[in-house]
Each structure stands twice: as C-alpha cells, then as structure tokens.
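Reproduced below: upload-v3.txt, with compact mmCIF, N, CA and C atoms.
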```txt
# COMPACT_ATOMS: atom_id res chain seq x y z
N MET A 1 8.08 20.61 13.78
CA MET A 1 7.23 21.37 14.65
C MET A 1 6.86 20.51 15.85
N ALA A 2 7.13 21.00 17.07
CA ALA A 2 6.87 20.25 18.29
C ALA A 2 5.43 20.44 18.74
N ARG A 3 4.85 19.35 19.19
CA ARG A 3 3.47 19.41 19.69
C ARG A 3 3.48 19.39 21.21
N GLY A 4 2.57 20.16 21.82
CA GLY A 4 2.41 20.17 23.27
C GLY A 4 1.54 19.01 23.72
N PRO A 5 1.30 18.89 24.99
CA PRO A 5 0.45 17.81 25.49
C PRO A 5 -0.98 17.95 24.96
N SER A 6 -1.61 16.84 24.75
CA SER A 6 -2.98 16.82 24.24
C SER A 6 -3.95 17.32 25.30
N GLU A 7 -4.93 18.10 24.88
CA GLU A 7 -5.92 18.63 25.80
C GLU A 7 -7.26 17.93 25.63
N SER A 8 -7.30 16.83 24.97
CA SER A 8 -8.57 16.13 24.80
C SER A 8 -8.99 15.52 26.14
N GLY A 9 -10.26 15.65 26.47
CA GLY A 9 -10.78 15.14 27.73
C GLY A 9 -10.77 16.17 28.85
N THR A 10 -10.19 17.33 28.64
CA THR A 10 -10.13 18.35 29.68
C THR A 10 -11.52 18.87 30.02
N SER A 11 -12.36 19.06 29.02
CA SER A 11 -13.71 19.59 29.28
C SER A 11 -14.54 18.59 30.08
N LEU A 12 -14.29 17.31 29.90
CA LEU A 12 -15.00 16.29 30.67
C LEU A 12 -14.63 16.38 32.16
N ILE A 13 -13.39 16.62 32.46
CA ILE A 13 -12.95 16.77 33.85
C ILE A 13 -13.59 18.01 34.47
N TRP A 14 -13.59 19.12 33.72
CA TRP A 14 -14.22 20.34 34.23
C TRP A 14 -15.71 20.13 34.45
N PHE A 15 -16.38 19.46 33.54
CA PHE A 15 -17.81 19.19 33.67
C PHE A 15 -18.10 18.32 34.90
N ALA A 16 -17.32 17.27 35.10
CA ALA A 16 -17.51 16.39 36.26
C ALA A 16 -17.27 17.15 37.56
N THR A 17 -16.26 17.99 37.59
CA THR A 17 -15.97 18.79 38.79
C THR A 17 -17.11 19.76 39.07
N LEU A 18 -17.59 20.43 38.04
CA LEU A 18 -18.69 21.37 38.20
C LEU A 18 -19.96 20.68 38.68
N MET A 19 -20.25 19.52 38.15
CA MET A 19 -21.43 18.76 38.57
C MET A 19 -21.31 18.32 40.03
N THR A 20 -20.13 17.88 40.43
CA THR A 20 -19.91 17.47 41.82
C THR A 20 -20.12 18.64 42.77
N VAL A 21 -19.56 19.78 42.43
CA VAL A 21 -19.73 20.97 43.27
C VAL A 21 -21.20 21.40 43.32
N THR A 22 -21.87 21.37 42.19
CA THR A 22 -23.28 21.78 42.13
C THR A 22 -24.16 20.86 42.97
N VAL A 23 -23.97 19.56 42.86
CA VAL A 23 -24.75 18.61 43.63
C VAL A 23 -24.46 18.77 45.13
N SER A 24 -23.21 18.96 45.49
CA SER A 24 -22.85 19.14 46.90
C SER A 24 -23.49 20.39 47.49
N VAL A 25 -23.43 21.49 46.77
CA VAL A 25 -24.03 22.73 47.26
C VAL A 25 -25.55 22.58 47.38
N THR A 26 -26.17 21.91 46.42
CA THR A 26 -27.61 21.69 46.47
C THR A 26 -28.00 20.85 47.68
N LEU A 27 -27.27 19.79 47.95
CA LEU A 27 -27.57 18.94 49.11
C LEU A 27 -27.40 19.70 50.43
N VAL A 28 -26.33 20.46 50.54
CA VAL A 28 -26.10 21.22 51.77
C VAL A 28 -27.17 22.28 51.97
N LEU A 29 -27.53 22.99 50.90
CA LEU A 29 -28.56 24.02 51.01
C LEU A 29 -29.92 23.43 51.35
N SER A 30 -30.27 22.31 50.74
CA SER A 30 -31.58 21.72 51.04
C SER A 30 -31.63 21.22 52.48
N THR A 31 -30.54 20.71 52.98
CA THR A 31 -30.51 20.27 54.37
C THR A 31 -30.60 21.46 55.32
N ALA A 32 -29.90 22.53 55.02
CA ALA A 32 -29.95 23.73 55.88
C ALA A 32 -31.34 24.36 55.86
N ILE A 33 -31.96 24.42 54.71
CA ILE A 33 -33.31 24.99 54.62
C ILE A 33 -34.31 24.12 55.38
N HIS A 34 -34.18 22.82 55.27
CA HIS A 34 -35.08 21.92 56.00
C HIS A 34 -34.92 22.09 57.51
N GLN A 35 -33.70 22.24 57.98
CA GLN A 35 -33.48 22.45 59.40
C GLN A 35 -34.08 23.77 59.86
N TYR A 36 -33.94 24.82 59.07
CA TYR A 36 -34.53 26.11 59.41
C TYR A 36 -36.05 26.02 59.48
N LEU A 37 -36.67 25.38 58.50
CA LEU A 37 -38.13 25.25 58.50
C LEU A 37 -38.61 24.40 59.66
N PHE A 38 -37.86 23.37 60.02
CA PHE A 38 -38.21 22.55 61.18
C PHE A 38 -38.17 23.39 62.45
N ALA A 39 -37.15 24.24 62.58
CA ALA A 39 -37.05 25.11 63.76
C ALA A 39 -38.22 26.09 63.81
N ARG A 40 -38.68 26.57 62.66
CA ARG A 40 -39.84 27.47 62.63
C ARG A 40 -41.11 26.74 63.06
N VAL A 41 -41.29 25.51 62.63
CA VAL A 41 -42.47 24.72 63.04
C VAL A 41 -42.43 24.50 64.55
N LEU A 42 -41.26 24.18 65.07
CA LEU A 42 -41.10 23.99 66.52
C LEU A 42 -41.42 25.27 67.26
N LYS A 43 -40.93 26.41 66.78
CA LYS A 43 -41.19 27.70 67.41
C LYS A 43 -42.68 28.04 67.37
N ASP A 44 -43.33 27.80 66.25
CA ASP A 44 -44.76 28.08 66.13
C ASP A 44 -45.56 27.23 67.11
N TYR A 45 -45.23 25.95 67.21
CA TYR A 45 -45.94 25.08 68.15
C TYR A 45 -45.71 25.55 69.59
N LEU A 46 -44.49 25.93 69.92
CA LEU A 46 -44.22 26.40 71.28
C LEU A 46 -44.95 27.69 71.60
N GLU A 47 -45.07 28.58 70.63
CA GLU A 47 -45.82 29.82 70.86
C GLU A 47 -47.29 29.51 71.13
N GLN A 48 -47.87 28.59 70.38
CA GLN A 48 -49.26 28.20 70.61
C GLN A 48 -49.43 27.54 71.97
N LEU A 49 -48.50 26.66 72.31
CA LEU A 49 -48.56 25.97 73.61
C LEU A 49 -48.41 26.96 74.76
N THR A 50 -47.53 27.94 74.60
CA THR A 50 -47.31 28.93 75.65
C THR A 50 -48.56 29.78 75.86
N LEU A 51 -49.18 30.23 74.77
CA LEU A 51 -50.40 31.02 74.90
C LEU A 51 -51.54 30.21 75.51
N ALA A 52 -51.67 28.95 75.09
CA ALA A 52 -52.73 28.10 75.65
C ALA A 52 -52.48 27.83 77.14
N THR A 53 -51.24 27.62 77.51
CA THR A 53 -50.91 27.36 78.91
C THR A 53 -51.17 28.60 79.75
N LEU A 54 -50.75 29.75 79.28
CA LEU A 54 -50.96 30.99 80.04
C LEU A 54 -52.45 31.33 80.15
N SER A 55 -53.21 31.06 79.10
CA SER A 55 -54.65 31.32 79.14
C SER A 55 -55.37 30.41 80.13
N SER A 56 -54.87 29.20 80.30
CA SER A 56 -55.50 28.23 81.20
C SER A 56 -54.95 28.28 82.61
N TRP A 57 -53.89 29.00 82.83
CA TRP A 57 -53.21 29.00 84.12
C TRP A 57 -54.02 29.79 85.14
N ASP A 58 -54.25 29.22 86.31
CA ASP A 58 -55.03 29.87 87.35
C ASP A 58 -54.17 30.62 88.37
N GLY A 59 -52.89 30.57 88.24
CA GLY A 59 -51.99 31.27 89.15
C GLY A 59 -51.57 30.44 90.34
N LYS A 60 -52.19 29.28 90.53
CA LYS A 60 -51.87 28.43 91.68
C LYS A 60 -51.11 27.18 91.27
N SER A 61 -51.49 26.61 90.16
CA SER A 61 -50.85 25.35 89.75
C SER A 61 -49.50 25.62 89.13
N GLU A 62 -48.74 24.57 88.99
CA GLU A 62 -47.41 24.64 88.37
C GLU A 62 -47.60 24.76 86.87
N PRO A 63 -47.00 25.76 86.21
CA PRO A 63 -47.19 25.90 84.76
C PRO A 63 -46.62 24.73 83.95
N ALA A 64 -45.59 24.08 84.46
CA ALA A 64 -45.02 22.93 83.73
C ALA A 64 -46.01 21.78 83.65
N VAL A 65 -46.73 21.53 84.75
CA VAL A 65 -47.73 20.45 84.77
C VAL A 65 -48.86 20.78 83.81
N LEU A 66 -49.30 22.03 83.83
CA LEU A 66 -50.37 22.45 82.93
C LEU A 66 -49.93 22.37 81.47
N ALA A 67 -48.70 22.77 81.18
CA ALA A 67 -48.18 22.69 79.80
C ALA A 67 -48.12 21.24 79.33
N HIS A 68 -47.72 20.33 80.20
CA HIS A 68 -47.67 18.91 79.82
C HIS A 68 -49.06 18.37 79.55
N SER A 69 -50.05 18.78 80.36
CA SER A 69 -51.41 18.28 80.13
C SER A 69 -52.00 18.85 78.84
N ILE A 70 -51.70 20.11 78.53
CA ILE A 70 -52.18 20.68 77.26
C ILE A 70 -51.47 20.01 76.08
N GLN A 71 -50.20 19.70 76.26
CA GLN A 71 -49.45 19.04 75.19
C GLN A 71 -50.03 17.66 74.89
N LYS A 72 -50.52 16.97 75.90
CA LYS A 72 -51.12 15.65 75.67
C LYS A 72 -52.42 15.76 74.88
N VAL A 73 -53.17 16.85 75.09
CA VAL A 73 -54.42 17.05 74.37
C VAL A 73 -54.15 17.46 72.92
N PHE A 74 -53.15 18.34 72.73
CA PHE A 74 -52.77 18.81 71.40
C PHE A 74 -51.32 18.44 71.14
N PRO A 75 -51.08 17.18 70.77
CA PRO A 75 -49.68 16.74 70.60
C PRO A 75 -49.01 17.39 69.40
N ALA A 76 -47.71 17.58 69.54
CA ALA A 76 -46.91 18.14 68.45
C ALA A 76 -46.65 17.06 67.41
N GLN A 77 -46.63 17.45 66.16
CA GLN A 77 -46.30 16.52 65.08
C GLN A 77 -44.80 16.57 64.82
N LEU A 78 -44.04 16.48 65.90
CA LEU A 78 -42.59 16.58 65.85
C LEU A 78 -42.00 15.33 66.48
N ASP A 79 -40.86 14.90 65.99
CA ASP A 79 -40.21 13.69 66.48
C ASP A 79 -39.62 13.92 67.87
N SER A 80 -40.08 13.15 68.84
CA SER A 80 -39.57 13.17 70.22
C SER A 80 -39.63 14.56 70.85
N PHE A 81 -40.76 15.24 70.69
CA PHE A 81 -40.92 16.56 71.30
C PHE A 81 -41.00 16.43 72.81
N GLN A 82 -40.26 17.28 73.50
CA GLN A 82 -40.29 17.30 74.96
C GLN A 82 -40.24 18.74 75.43
N ILE A 83 -40.95 19.01 76.51
CA ILE A 83 -40.86 20.32 77.14
C ILE A 83 -39.67 20.29 78.08
N ALA A 84 -38.68 21.13 77.81
CA ALA A 84 -37.48 21.18 78.64
C ALA A 84 -37.75 21.94 79.93
N SER A 85 -38.46 23.06 79.84
CA SER A 85 -38.83 23.81 81.05
C SER A 85 -40.02 24.70 80.74
N ALA A 86 -40.76 24.97 81.78
CA ALA A 86 -41.88 25.91 81.72
C ALA A 86 -41.86 26.66 83.04
N GLN A 87 -41.64 27.96 82.96
CA GLN A 87 -41.50 28.72 84.19
C GLN A 87 -42.08 30.12 84.03
N ILE A 88 -42.49 30.68 85.16
CA ILE A 88 -42.97 32.05 85.20
C ILE A 88 -41.77 32.95 85.44
N LEU A 89 -41.60 33.91 84.56
CA LEU A 89 -40.51 34.87 84.71
C LEU A 89 -41.05 36.11 85.42
N ALA A 90 -40.32 37.19 85.37
CA ALA A 90 -40.73 38.42 86.03
C ALA A 90 -42.12 38.85 85.55
N GLY A 91 -42.99 39.14 86.51
CA GLY A 91 -44.35 39.50 86.14
C GLY A 91 -45.11 38.27 85.70
N PRO A 92 -46.14 38.46 84.91
CA PRO A 92 -46.93 37.31 84.45
C PRO A 92 -46.42 36.70 83.15
N THR A 93 -45.12 36.71 82.93
CA THR A 93 -44.56 36.18 81.69
C THR A 93 -44.25 34.70 81.85
N LEU A 94 -44.79 33.90 80.96
CA LEU A 94 -44.53 32.47 80.95
C LEU A 94 -43.55 32.16 79.83
N GLU A 95 -42.52 31.40 80.14
CA GLU A 95 -41.56 30.96 79.14
C GLU A 95 -41.53 29.44 79.11
N ILE A 96 -41.68 28.90 77.92
CA ILE A 96 -41.59 27.45 77.73
C ILE A 96 -40.46 27.18 76.74
N ILE A 97 -39.60 26.24 77.12
CA ILE A 97 -38.52 25.80 76.24
C ILE A 97 -38.82 24.36 75.86
N GLY A 98 -38.81 24.09 74.57
CA GLY A 98 -39.09 22.75 74.08
C GLY A 98 -38.03 22.29 73.09
N CYS A 99 -37.84 20.99 73.03
CA CYS A 99 -36.84 20.40 72.14
C CYS A 99 -37.46 19.26 71.33
N ALA A 100 -36.93 19.06 70.13
CA ALA A 100 -37.38 17.97 69.27
C ALA A 100 -36.21 17.49 68.43
N ASN A 101 -36.29 16.25 67.98
CA ASN A 101 -35.24 15.68 67.13
C ASN A 101 -35.48 16.06 65.68
N TRP A 102 -34.43 16.52 65.04
CA TRP A 102 -34.47 16.83 63.61
C TRP A 102 -33.59 15.84 62.88
N HIS A 103 -34.07 15.36 61.73
CA HIS A 103 -33.30 14.45 60.88
C HIS A 103 -33.19 15.07 59.49
N ALA A 104 -32.04 14.90 58.86
CA ALA A 104 -31.84 15.42 57.51
C ALA A 104 -32.84 14.77 56.56
N PRO A 105 -33.37 15.55 55.61
CA PRO A 105 -34.41 15.02 54.73
C PRO A 105 -33.90 14.07 53.65
N LEU A 106 -32.61 14.09 53.40
CA LEU A 106 -32.05 13.29 52.32
C LEU A 106 -31.30 12.09 52.89
N PRO A 107 -31.45 10.93 52.27
CA PRO A 107 -30.74 9.75 52.78
C PRO A 107 -29.23 9.82 52.60
N VAL A 108 -28.76 10.78 51.84
CA VAL A 108 -27.32 10.92 51.63
C VAL A 108 -26.63 11.30 52.93
N PHE A 109 -27.28 12.19 53.69
CA PHE A 109 -26.74 12.63 54.98
C PHE A 109 -27.48 11.91 56.09
N GLN A 110 -26.77 11.23 56.93
CA GLN A 110 -27.37 10.62 58.11
C GLN A 110 -27.11 11.54 59.30
N VAL A 111 -27.68 12.73 59.22
CA VAL A 111 -27.45 13.77 60.22
C VAL A 111 -28.73 13.95 61.01
N SER A 112 -28.58 14.06 62.31
CA SER A 112 -29.71 14.40 63.16
C SER A 112 -29.21 15.32 64.26
N ALA A 113 -30.13 16.08 64.81
CA ALA A 113 -29.76 17.02 65.86
C ALA A 113 -30.98 17.26 66.74
N VAL A 114 -30.71 17.65 67.95
CA VAL A 114 -31.78 18.06 68.86
C VAL A 114 -31.85 19.58 68.79
N LEU A 115 -32.99 20.07 68.34
CA LEU A 115 -33.19 21.51 68.22
C LEU A 115 -34.09 21.98 69.37
N CYS A 116 -33.71 23.05 70.01
CA CYS A 116 -34.49 23.62 71.11
C CYS A 116 -34.88 25.05 70.76
N GLN A 117 -36.06 25.41 71.13
CA GLN A 117 -36.58 26.76 70.94
C GLN A 117 -37.29 27.19 72.21
N SER A 118 -37.48 28.49 72.35
CA SER A 118 -38.22 29.00 73.50
C SER A 118 -39.31 29.95 73.01
N ALA A 119 -40.35 30.05 73.81
CA ALA A 119 -41.43 30.98 73.51
C ALA A 119 -41.90 31.59 74.81
N SER A 120 -42.24 32.86 74.74
CA SER A 120 -42.71 33.58 75.92
C SER A 120 -44.04 34.22 75.62
N ALA A 121 -44.88 34.33 76.65
CA ALA A 121 -46.17 34.99 76.51
C ALA A 121 -46.44 35.76 77.80
N ARG A 122 -47.08 36.86 77.61
CA ARG A 122 -47.42 37.72 78.76
C ARG A 122 -48.91 37.88 78.83
```

Kindly transcribe the structure held in the file into structure tokens.
Amino acid sequence: MARGPSESGTSLIWFATLMTVTVSVTLVLSTAIHQYLFARVLKDYLEQLTLATLSSWDGKSEPAVLAHSIQKVFPAQLDSFQIASAQILAGPTLEIIGCANWHAPLPVFQVSAVLCQSASAR
C-alpha cells in the first residue's frame, strides 16, 4: 500500500498565515481610523476658528490676520497646525483652510501626512 505525502504541520502553516493576515488587517484599520479621527478633530477646530473669526470680523480688517490672532489665543492641539488661507467668499461667507501633520499611531508604520480641511461660516 503506497502512502502519500505527510500532512503533518499543515495546520501550523495555515494558523501562521491567518495570524499574519489578521495582524496586518488590524494594523491597517487602526491606522486608517486614527487618520479619520484626526481629520475630524482638525475639521472641528477649523469650524470653531471660522465662527470665532467671523464673529470678531469688523468688515475692514483682513480675515487672515484676524484668524491668526485668534489662533494664537486659542491654539490648536494639533502637530504643526497652520492656516493655509482665510478669505471672504461670495456674500459674507468666510472660508478658512487649515493643515496639520498627522503621524501613524503605531510604531510599526512610520507614516505621516499633511492633512488639510476647510470650514465655512456665514
């Protein structure tokens, strides 16, 4: 009676492969969720800054200068936050675009990106 190849150790290979895939998916998902939440924090801060700037704006001064002065009083808790632009659009609508550096939360990934968001207030 002929014997086929031995299958001992096959389940160990499948288990190791499954664990590798599971850990990889978990790391990617946690990084993506962290980036999304960081973008929401940036958007929330920009909305507050836009409303505060528009409320304080007298119609004569430059809104970008006013936004920078308000930002100095209420600084963002974001890495390297900068106001990219602050301008009055059609009508009394103020739009502020801000950017901040995002870094991956896990030391496994040395990923960083500059995320920009905009907020408008009327």

For Ala52 in chain A, the nearest of the candidates A:Leu66, A:Leu18, A:Ala113, A:Ala100, counting all atoms listed in the file:
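Of all the options, A:Leu66 lies closest to Ala52 in chain A.
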
Considering all atoms listed in the file, can you say which of A:Ala90, A:Ala32, A:Leu42, A:Ile70 comes closest to Cys116 in chain A?
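Smallest separation from Cys116 in chain A among the options: A:Leu42.
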
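Every protein or nucleic acid residue with an atom no more than 6.5 Å from range 46-48 of chain A, counting all atoms listed in the file and leaving out same-chain residues fewer than 6 positions away, appears here: Ser118, Ala119 and Ser120 of chain A.
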
How far is it from atom C of Leu51 in chain A to atom C of Ser69 in chain A, in Å with one decimal?
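Between these atoms lies a distance of 11.8 Å.
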
When you draw a straight line from CA of Tyr45 in chain A to CA of Thr93 in chain A, how long is it in Å?
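Interatomic distance here is 17.6 Å.
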
Backbone DSSP call of strand (DSSP E or B) for range 66-119 of chain A, listed as a ChimeraX atom specification
/A:82-88,94-103,112-119

Could you pull the residues within 7 Å of range 102-104 of chain A, counting all atoms listed in the file, minus those fewer than 5 positions along the same chain, as a ChimeraX atom specification?
/A:31,79,109-115

Residues at most 7 Å from range 59-63 of chain A, counting only C-alpha atoms, excluding those fewer than 4 positions away in the same chain, as a list in words?
Ala67, Ala86 and Gln87 of chain A

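Every protein or nucleic acid residue with an atom no more than 7 Å from Ala121 in chain A, counting all atoms listed in the file and leaving out same-chain residues fewer than 6 positions away, appears here: Thr50, Leu51, Leu54, Pro92, Thr93, Leu94, Glu95 and Ile96 of chain A.
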
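The interatomic distance for the pair CA of Ile97 in chain A and CA of Asp44 in chain A works out to 12.1 Å.
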
Please provide as an MDAnalysis selection string all residues within 6 Å of Gly98 in chain A, with the sequence filter that same-chain residues fewer than 3 positions apart are discarded (counting only C-alpha atoms).
chainID A and resid 82:84 116:117

Around all the atoms of range 97-113 of chain A listed in the file, draw an axis-aligned box and extend it by 8 Å on each of the six sides; I want its centre and edge lengths in Å to one decimal, as lines of an AutoDock Vina configuration file.
```
center_x = -33.1
center_y = 18.0
center_z = 64.4
size_x = 29.0
size_y = 32.5
size_z = 41.5
```

From the options A:Leu27, A:Leu49, A:Val41, A:Ala16, which residue's atoms come nearest to Leu106 in chain A, counting only N, CA and C atoms?
A:Leu27
